[in-house]
$ cat query.txt   # compact mmCIF, C-alpha atoms
# COMPACT_ATOMS: atom_id res chain seq x y z
CA MET A 1 -26.56 19.59 214.62
CA ALA A 2 -29.30 17.43 213.06
CA LEU A 3 -32.85 18.63 213.60
CA THR A 4 -33.92 15.38 215.28
CA SER A 5 -30.95 15.19 217.68
CA ARG A 6 -32.90 16.74 220.57
CA ILE A 7 -35.60 14.09 220.82
CA SER A 8 -35.64 10.52 222.09
CA LEU A 9 -38.29 7.94 222.91
CA HIS A 10 -39.20 7.54 226.55
CA GLY A 11 -41.19 4.61 227.87
CA PRO A 12 -41.28 0.84 228.23
CA VAL A 13 -39.02 -1.43 226.21
CA THR A 14 -41.00 -3.20 223.52
CA ASP A 15 -40.58 -6.52 221.74
CA ASP A 16 -42.89 -5.51 218.90
CA PRO A 17 -41.17 -6.52 215.63
CA GLU A 18 -42.51 -3.39 213.96
CA ASP A 19 -40.77 -1.21 216.54
CA TYR A 20 -37.50 -3.06 216.02
CA LEU A 21 -37.78 -2.52 212.30
CA CYS A 22 -38.49 1.21 212.71
CA SER A 23 -35.53 1.67 215.03
CA ALA A 24 -33.27 -0.12 212.55
CA LEU A 25 -34.19 1.96 209.53
CA GLY A 26 -31.50 4.52 210.27
CA VAL A 27 -28.89 1.76 210.09
CA ILE A 28 -30.33 0.04 207.03
CA PHE A 29 -30.90 3.33 205.21
CA PRO A 30 -28.43 5.86 206.69
CA ASP A 31 -29.69 8.70 204.46
CA ASP A 32 -33.30 8.19 205.52
CA VAL A 33 -34.73 10.74 207.95
CA THR A 34 -37.60 10.13 210.35
CA ASN A 35 -40.07 12.96 209.97
CA GLN A 36 -42.72 11.81 212.46
CA HIS A 37 -41.86 10.81 216.01
CA GLY A 38 -43.41 8.83 218.81
CA ASP A 39 -46.41 6.62 219.47
CA ALA A 40 -49.08 6.16 222.12
CA ASP A 41 -46.90 3.75 224.13
CA HIS A 42 -43.92 6.10 224.33
CA SER A 43 -43.62 9.73 225.20
CA LEU A 44 -40.82 11.84 223.79
CA LEU A 45 -38.05 13.65 225.60
CA TYR A 46 -37.07 17.00 224.11
CA GLU A 47 -33.66 18.01 225.44
CA SER A 48 -32.16 21.41 224.76
CA PRO A 49 -28.87 22.67 226.24
CA HIS A 50 -30.65 25.96 226.84
CA LEU A 51 -33.46 24.55 228.99
CA PRO A 52 -32.87 23.46 232.59
CA ARG A 53 -34.78 20.18 232.15
CA PRO A 54 -36.03 17.97 229.32
CA LEU A 55 -39.61 18.44 228.17
CA HIS A 56 -41.85 15.38 228.26
CA ILE A 57 -44.09 15.26 225.20
CA ALA A 58 -47.05 12.87 225.35
CA LEU A 59 -48.81 11.64 222.23
CA SER A 60 -52.48 10.89 221.82
CA ASP A 61 -53.89 7.42 221.14
CA PRO A 62 -56.77 8.13 218.75
CA ASP A 63 -59.43 5.43 218.79
CA GLN A 64 -61.67 7.07 216.20
CA GLU A 65 -60.96 6.97 212.46
CA ASN A 66 -61.51 10.72 212.09
CA ASP A 67 -59.03 11.43 214.88
CA ARG A 68 -56.39 9.19 213.30
CA LYS A 69 -56.76 11.02 210.01
CA LEU A 70 -55.67 14.25 211.72
CA PHE A 71 -52.16 12.83 212.31
CA SER A 72 -51.82 15.00 215.41
CA HIS A 73 -50.63 11.95 217.39
CA TYR A 74 -47.06 12.48 216.21
CA LEU A 75 -44.40 15.10 216.71
CA TRP A 76 -43.39 16.33 213.25
CA ASN A 77 -40.09 17.81 212.13
CA SER A 78 -41.79 21.10 211.30
CA SER A 79 -42.55 21.62 215.00
CA LEU A 80 -38.95 20.81 215.88
CA LEU A 81 -37.71 23.36 213.36
CA LEU A 82 -39.97 26.18 214.49
CA ALA A 83 -39.12 25.43 218.13
CA GLU A 84 -35.44 25.72 217.21
CA PHE A 85 -36.03 29.05 215.46
CA ILE A 86 -38.00 30.43 218.41
CA GLU A 87 -35.37 29.35 220.92
CA ALA A 88 -32.52 30.83 218.87
CA GLY A 89 -34.38 34.05 218.19
CA THR A 90 -35.59 34.66 221.72
CA LEU A 91 -32.32 33.70 223.44
CA ARG A 92 -30.20 35.42 220.76
CA LEU A 93 -28.37 32.25 219.80
CA PRO A 94 -26.37 32.01 216.56
CA LEU A 95 -28.33 30.48 213.69
CA ASN A 96 -28.15 30.80 209.93
CA VAL A 97 -31.69 31.28 208.74
CA GLY A 98 -33.60 32.56 205.76
CA LEU A 99 -30.81 32.28 203.17
CA GLY A 100 -28.94 35.04 204.98
CA LYS A 101 -31.80 37.50 204.53
CA LEU A 102 -33.18 37.03 208.05
CA GLU A 103 -31.67 37.12 211.52
CA PRO A 104 -32.44 34.77 214.43
CA ALA A 105 -33.95 37.79 216.19
CA ASP A 106 -36.72 37.77 213.58
CA PHE A 107 -38.07 34.75 215.49
CA ASP A 108 -37.99 36.42 218.91
CA VAL A 109 -41.32 36.01 220.76
CA THR A 110 -40.45 38.14 223.80
CA GLY A 111 -43.49 40.10 224.92
CA LEU A 112 -45.68 38.84 222.05
CA ASP A 113 -49.11 37.21 221.92
CA THR A 114 -48.87 33.93 220.01
CA LEU A 115 -51.38 31.45 218.60
CA GLU A 116 -50.74 27.99 217.18
CA LEU A 117 -53.18 26.40 214.72
CA GLY A 118 -53.28 22.61 214.38
CA ALA A 119 -50.89 22.44 217.30
CA GLY A 120 -50.61 18.66 217.81
CA THR A 121 -48.00 18.50 220.59
CA ALA A 122 -47.66 22.32 220.80
CA LEU A 123 -43.86 22.21 221.14
CA PRO A 124 -43.25 25.67 219.57
CA SER A 125 -45.92 27.18 221.81
CA ILE A 126 -44.54 25.55 224.95
CA LEU A 127 -41.11 26.96 224.11
CA SER A 128 -42.70 30.39 223.62
CA ALA A 129 -44.37 30.24 227.03
CA LEU A 130 -41.10 29.23 228.69
CA LEU A 131 -38.93 31.82 226.92
CA GLY A 132 -40.81 35.06 227.40
CA ALA A 133 -43.91 35.43 225.24
CA ARG A 134 -46.63 37.54 226.81
CA ASN A 135 -49.61 35.29 226.14
CA VAL A 136 -49.75 31.88 224.42
CA VAL A 137 -52.78 30.10 222.97
CA VAL A 138 -52.76 26.70 221.30
CA THR A 139 -55.56 25.22 219.22
CA ASP A 140 -56.28 22.01 217.41
CA TYR A 141 -59.30 20.30 215.93
CA PRO A 142 -62.08 20.11 218.55
CA SER A 143 -61.65 16.39 219.21
CA GLU A 144 -61.78 15.25 222.83
CA THR A 145 -58.84 12.87 222.35
CA VAL A 146 -56.62 15.45 220.66
CA LEU A 147 -57.39 18.27 223.09
CA LYS A 148 -56.95 16.03 226.14
CA THR A 149 -53.38 15.21 225.12
CA LEU A 150 -52.71 18.83 224.22
CA CYS A 151 -53.84 19.93 227.67
CA ALA A 152 -51.68 17.24 229.28
CA ASN A 153 -48.58 18.43 227.42
CA VAL A 154 -49.22 22.01 228.45
CA ALA A 155 -49.75 21.04 232.09
CA ALA A 156 -46.64 18.85 232.18
CA ASN A 157 -44.24 21.27 230.52
CA ALA A 158 -45.39 24.87 230.97
CA LYS A 159 -43.79 25.16 234.40
CA PRO A 160 -41.32 27.70 235.81
CA GLU A 161 -38.77 24.97 236.56
CA ASN A 162 -38.54 24.27 232.79
CA SER A 163 -37.76 27.90 231.94
CA PRO A 164 -34.23 29.37 231.78
CA ALA A 165 -35.55 32.44 233.56
CA GLY A 166 -37.73 30.49 235.99
CA THR A 167 -40.91 32.05 234.61
CA VAL A 168 -43.81 30.92 232.44
CA VAL A 169 -46.78 32.78 231.00
CA PRO A 170 -50.37 31.52 230.86
CA LEU A 171 -50.94 28.97 228.10
CA ALA A 172 -54.54 28.33 227.05
CA VAL A 173 -55.90 25.43 224.97
CA HIS A 174 -58.94 25.74 222.70
CA GLY A 175 -60.61 23.69 220.02
CA HIS A 176 -60.73 25.32 216.59
CA ALA A 177 -61.65 23.93 213.19
CA TRP A 178 -59.96 25.97 210.46
CA GLY A 179 -62.29 28.36 208.74
CA ASP A 180 -64.98 28.01 211.42
CA LEU A 181 -65.16 31.67 212.32
CA ASP A 182 -68.84 32.20 213.06
CA ASP A 183 -69.81 33.52 216.47
CA LYS A 184 -71.36 30.59 218.31
CA ASP A 185 -72.66 30.42 221.85
CA ASP A 186 -71.02 27.02 222.37
CA ASN A 187 -67.69 28.08 220.81
CA PRO A 188 -67.06 31.83 220.99
CA PHE A 189 -63.27 31.47 220.62
CA ALA A 190 -62.98 32.85 217.09
CA ALA A 191 -65.13 35.93 217.73
CA GLN A 192 -63.32 36.72 220.98
CA HIS A 193 -59.82 36.42 219.49
CA ARG A 194 -60.08 38.05 216.09
CA GLY A 195 -56.97 40.09 215.31
CA ARG A 196 -55.44 39.38 218.73
CA PHE A 197 -52.11 37.76 217.91
CA ASP A 198 -48.69 39.12 216.97
CA ARG A 199 -47.56 35.69 215.76
CA VAL A 200 -49.50 32.74 214.36
CA PHE A 201 -47.73 29.36 214.16
CA VAL A 202 -48.65 26.70 211.59
CA CYS A 203 -46.64 23.45 211.58
CA ASP A 204 -47.20 20.61 209.12
CA CYS A 205 -50.77 21.56 208.31
CA LEU A 206 -50.44 21.84 204.52
CA TRP A 207 -50.85 18.18 203.51
CA MET A 208 -54.62 18.59 202.99
CA PRO A 209 -55.03 20.85 199.93
CA TRP A 210 -58.81 20.86 200.40
CA GLN A 211 -58.26 22.68 203.71
CA HIS A 212 -55.86 25.36 202.43
CA ALA A 213 -58.58 27.99 202.02
CA ASN A 214 -59.94 27.38 205.53
CA LEU A 215 -56.45 27.51 207.03
CA GLN A 216 -55.67 30.75 205.19
CA ARG A 217 -58.89 32.26 206.51
CA SER A 218 -58.04 31.31 210.09
CA VAL A 219 -54.50 32.69 209.85
CA ALA A 220 -55.81 36.00 208.48
CA TRP A 221 -58.62 36.14 211.05
CA PHE A 222 -56.44 35.74 214.13
CA LEU A 223 -53.35 37.66 212.99
CA LYS A 224 -53.17 41.20 214.34
CA ASP A 225 -53.52 43.92 211.73
CA ALA A 226 -50.17 45.55 212.43
CA PRO A 227 -47.01 46.09 210.36
CA SER A 228 -44.95 43.88 212.67
CA SER A 229 -47.38 40.91 212.84
CA ARG A 230 -46.28 37.68 211.17
CA ALA A 231 -47.46 34.12 210.60
CA TRP A 232 -44.77 31.43 210.58
CA VAL A 233 -45.69 28.46 208.40
CA VAL A 234 -43.44 25.37 208.37
CA ALA A 235 -44.22 22.12 206.58
CA GLY A 236 -42.43 19.00 205.41
CA PHE A 237 -42.43 17.77 201.82
CA HIS A 238 -43.06 14.14 202.80
CA THR A 239 -46.56 14.12 201.29
CA GLY A 240 -45.32 15.71 198.08
CA ARG A 241 -44.71 19.27 196.93
CA ALA A 242 -47.83 19.32 194.76
CA LYS A 243 -50.12 18.77 197.76
CA MET A 244 -48.85 21.68 199.83
CA ARG A 245 -47.49 24.36 197.49
CA ASP A 246 -50.84 25.94 196.59
CA PHE A 247 -51.16 27.23 200.13
CA PHE A 248 -48.58 29.87 199.15
CA ALA A 249 -50.33 30.86 195.91
CA GLU A 250 -50.30 34.65 195.73
CA ALA A 251 -53.90 35.10 194.58
CA ALA A 252 -55.33 32.84 197.29
CA LEU A 253 -53.39 34.58 200.05
CA ARG A 254 -54.32 38.03 198.79
CA GLY A 255 -57.95 36.95 198.80
CA VAL A 256 -57.82 36.81 202.61
CA GLY A 257 -55.51 39.79 203.05
CA LEU A 258 -52.17 37.98 203.39
CA GLU A 259 -48.92 37.97 201.44
CA VAL A 260 -45.59 36.14 201.54
CA GLU A 261 -42.70 38.09 203.02
CA SER A 262 -40.13 35.26 202.93
CA LEU A 263 -40.23 31.71 201.60
CA TRP A 264 -37.40 29.17 201.48
CA GLU A 265 -36.51 25.52 202.01
CA ARG A 266 -34.36 23.97 204.74
CA ASP A 267 -33.26 20.40 205.34
CA CYS A 268 -32.80 18.50 208.59
CA ASP A 269 -29.12 19.42 208.72
CA GLY A 270 -29.70 23.16 208.35
CA VAL A 271 -28.86 23.41 204.65
CA GLU A 272 -31.02 26.02 202.93
CA ARG A 273 -32.06 26.66 199.36
CA ALA A 274 -34.50 28.90 197.51
CA TRP A 275 -38.16 27.94 197.31
CA ALA A 276 -39.17 26.24 194.09
CA TRP A 277 -42.73 25.72 192.90
CA ASP A 278 -41.68 22.58 191.01
CA ARG A 279 -38.52 20.49 191.27
CA GLY A 280 -39.66 17.68 189.01
CA HIS A 281 -39.47 14.16 190.40
CA GLU A 282 -38.37 14.13 194.04
CA ASP A 283 -37.31 10.86 195.66
CA VAL A 284 -39.39 10.08 198.75
CA SER A 285 -36.37 9.62 201.02
CA GLU A 286 -34.83 12.86 199.77
CA ARG A 287 -37.92 15.02 200.05
CA LYS A 288 -38.51 13.80 203.63
CA ARG A 289 -35.33 15.66 204.56
CA TRP A 290 -36.69 19.01 203.44
CA LEU A 291 -39.16 21.52 204.84
CA VAL A 292 -40.57 24.77 203.57
CA VAL A 293 -40.53 27.84 205.81
CA GLY A 294 -42.87 30.71 205.04
CA VAL A 295 -43.24 34.08 206.72
CA LEU A 296 -46.59 35.70 206.00
CA ARG A 297 -47.84 39.17 206.83
CA LYS A 298 -50.94 41.24 206.29
CA THR A 299 -51.20 42.64 202.77
CA ARG A 300 -49.61 46.05 202.50
CA ALA A 301 -51.26 48.80 200.50
CA PRO A 302 -49.13 50.20 197.64
CA SER A 303 -47.34 53.46 198.33
CA PRO A 304 -48.99 56.63 197.00
CA GLY A 305 -48.24 57.07 193.31
CA VAL A 306 -47.28 53.41 192.85
CA GLU A 307 -49.56 51.20 190.83
CA GLY A 308 -50.42 47.91 192.53
$ encode --input "query.txt" --output "structure tokens"
Amino acid sequence: MALTSRISLHGPVTDDPEDYLCSALGVIFPDDVTNQHGDADHSLLYESPHLPRPLHIALSDPDQENDRKLFSHYLWNSSLLLAEFIEAGTLRLPLNVGLGKLEPADFDVTGLDTLELGAGTALPSILSALLGARNVVVTDYPSETVLKTLCANVAANAKPENSPAGTVVPLAVHGHAWGDLDDKDDNPFAAQHRGRFDRVFVCDCLWMPWQHANLQRSVAWFLKDAPSSRAWVVAGFHTGRAKMRDFFAEAALRGVGLEVESLWERDCDGVERAWAWDRGHEDVSERKRWLVVGVLRKTRAPSPGVEG
């Protein structure tokens, strides 16, 4: 099943020529994949056969240039993919993942504390709250517009009637700028939550290479220092491989105490291939189909008698 098959636009019919053109692109270019979904005039419906009701995902309408540059007013394919992994892992559904080296259960969030950085619509976190995580926290840049929509999505969807088990755990929303980890009286979030989370989610946050170091610092800061703790990083290649690949550079990750456990690529139809640092020229339409999936963990000390 295609990655985007679970979502549809919900809202008023429009006669905007631009909207007609966008809706026709799949007919004009059948191999083209939409990697960003929605607009301020339409919410999105996320329908899963494993949820009792569709989720209604609202999108922000940023009126400030800085807010628009965050691109958090869309639902991105990376969030859809991680939501699919979490659902399959937690509900023990069949799914081929990780080039056969991982099992769906590796994405089980039952009983775990989770944090999402740069959450946007927070779809993976909402799924986690509905499917059995212990505690769920979502963060995004501390913009009033962005956080208002994030809070609205949480309030609209994190409800027992949307859960297969009829239960939902508390889901908190906080503002957090990556790398801003100082203890501040007006924003004590980072100091209060250091090392608190079993899982850290990062979806489509790698398109700004100048922010990689700050994002790495935040992931390392919030991730629990335990052998089982993991960060799940998913990102599309639509902005180009060169812009996002350095996030996974070994030296940079080790500098903050992280390392890659698994790293692979997956397209919108579930086809997987090995991660490649460079694939030469990649056609824009083709690379939009692909995402990178990374599993990070805290750096492990070498075994006694083994040189590191």
$ atom_distance --input "query.txt" --atom1 "CA of His212 in chain A" --atom2 "CA of Ser78 in chain A"
17.2 Å
$ closest_residue --input "query.txt" --among "A:Lys298, A:Lys159, A:His176, A:Lys101" --to "Ala191 in chain A" --atoms "only C-alpha atoms"
A:His176
$ closest_residue --input "query.txt" --among "A:Ile7, A:Val233, A:Met244, A:Leu51" --to "Trp210 in chain A" --atoms "only C-alpha atoms"
A:Met244
$ closest_residue --input "query.txt" --among "A:Leu150, A:Phe85, A:Asp140, A:Ser128" --to "Leu102 in chain A" --atoms "only C-alpha atoms"
A:Phe85
$ closest_residue --input "query.txt" --among "A:Trp178, A:Tyr141, A:Phe197, A:Phe247" --to "Ser218 in chain A" --atoms "only C-alpha atoms"
A:Trp178
$ residues_around --input "query.txt" --residues "range 116-127 of chain A" --least-positions-apart "2" --cutoff "6 Å" --atoms "only C-alpha atoms" --output "short mmCIF file (atom, residue, chain, number, x, y, z; two decimals) with C-alpha atoms, keeping the file's coordinate frame"
data_model
loop_
_atom_site.label_atom_id
_atom_site.label_comp_id
_atom_site.auth_asym_id
_atom_site.auth_seq_id
_atom_site.Cartn_x
_atom_site.Cartn_y
_atom_site.Cartn_z
CA SER A 72 -51.82 15.00 215.41
CA ALA A 83 -39.12 25.43 218.13
CA ALA A 129 -44.37 30.24 227.03
CA LEU A 130 -41.10 29.23 228.69
CA VAL A 138 -52.76 26.70 221.30
CA THR A 139 -55.56 25.22 219.22
CA ASP A 140 -56.28 22.01 217.41
CA LEU A 150 -52.71 18.83 224.22
CA VAL A 200 -49.50 32.74 214.36
CA PHE A 201 -47.73 29.36 214.16
CA VAL A 202 -48.65 26.70 211.59
#
$ closest_residue --input "query.txt" --among "A:Gly236, A:Gly132, A:Pro52, A:Pro164" --to "Val33 in chain A" --atoms "only C-alpha atoms"
A:Gly236
$ atom_distance --input "query.txt" --atom1 "CA of Asp183 in chain A" --atom2 "CA of Asn153 in chain A"
28.3 Å
$ closest_residue --input "query.txt" --among "A:Ala155, A:Ala133, A:Val146, A:Leu296" --to "Leu223 in chain A" --atoms "only C-alpha atoms"
A:Leu296
$ atom_distance --input "query.txt" --atom1 "CA of Trp232 in chain A" --atom2 "CA of Arg297 in chain A"
9.1 Å
$ axis_aligned_box --input "query.txt" --around "range 47-55 of chain A" --padding-each-side "6 Å" --output "lines of an AutoDock Vina configuration file"
center_x = -34.2
center_y = 22.0
center_z = 228.7
size_x = 22.7
size_y = 20.0
size_z = 19.8
$ residues_near_point --input "query.txt" --point "(-57.9, 40.4, 202.6)" --cutoff "12 Å" --atoms "all atoms listed in the file" --output "list in words"
Gln216, Arg217, Ser218, Val219, Ala220, Trp221, Leu223, Asp225, Glu250, Ala251, Ala252, Leu253, Arg254, Gly255, Val256, Gly257, Leu258, Glu259, Arg297, Lys298, Thr299, Arg300 and Ala301 of chain A
$ residues_near_point --input "query.txt" --point "(-44.0, 32.6, 235.3)" --cutoff "10 Å" --atoms "only C-alpha atoms" --output "list in words"
Ala129, Leu130, Leu131, Gly132, Ala158, Lys159, Pro160, Glu161, Ser163, Ala165, Gly166, Thr167, Val168, Val169 and Pro170 of chain A
$ residues_around --input "query.txt" --residues "range 282-289 of chain A" --least-positions-apart "4" --cutoff "9 Å" --atoms "all atoms listed in the file" --output "list in words"
Asp31, Asp32, Val33, Thr34, Asn35, Gly236, Phe237, His238, Thr239, Gly240, Arg241, Arg266, Asp267, Cys268 and Asp269 of chain A
$ write_last_selection --input "query.txt" --atoms "C-alpha atoms" --output "mmCIF file, in the coordinates of the input"
data_model
loop_
_atom_site.group_PDB
_atom_site.id
_atom_site.type_symbol
_atom_site.label_atom_id
_atom_site.label_comp_id
_atom_site.auth_asym_id
_atom_site.auth_seq_id
_atom_site.Cartn_x
_atom_site.Cartn_y
_atom_site.Cartn_z
ATOM 1 C CA ASP A 31 -29.690 8.700 204.460
ATOM 2 C CA ASP A 32 -33.300 8.190 205.520
ATOM 3 C CA VAL A 33 -34.730 10.740 207.950
ATOM 4 C CA THR A 34 -37.600 10.130 210.350
ATOM 5 C CA ASN A 35 -40.070 12.960 209.970
ATOM 6 C CA GLY A 236 -42.430 19.000 205.410
ATOM 7 C CA PHE A 237 -42.430 17.770 201.820
ATOM 8 C CA HIS A 238 -43.060 14.140 202.800
ATOM 9 C CA THR A 239 -46.560 14.120 201.290
ATOM 10 C CA GLY A 240 -45.320 15.710 198.080
ATOM 11 C CA ARG A 241 -44.710 19.270 196.930
ATOM 12 C CA ARG A 266 -34.360 23.970 204.740
ATOM 13 C CA ASP A 267 -33.260 20.400 205.340
ATOM 14 C CA CYS A 268 -32.800 18.500 208.590
ATOM 15 C CA ASP A 269 -29.120 19.420 208.720
#
$ residues_around --input "query.txt" --residues "Gly89 in chain A" --least-positions-apart "6" --cutoff "6 Å" --atoms "all atoms listed in the file" --output "MDAnalysis selection string"
chainID A and resid 104:105 107:108
$ write_last_selection --input "query.txt" --atoms "C-alpha atoms" --output "PDB file, in the frame of the given file"
ATOM      1  CA  PRO A 104     -32.440  34.770 214.430  1.00  0.00           C
ATOM      2  CA  ALA A 105     -33.950  37.790 216.190  1.00  0.00           C
ATOM      3  CA  PHE A 107     -38.070  34.750 215.490  1.00  0.00           C
ATOM      4  CA  ASP A 108     -37.990  36.420 218.910  1.00  0.00           C
TER       5      ASP A 108
END
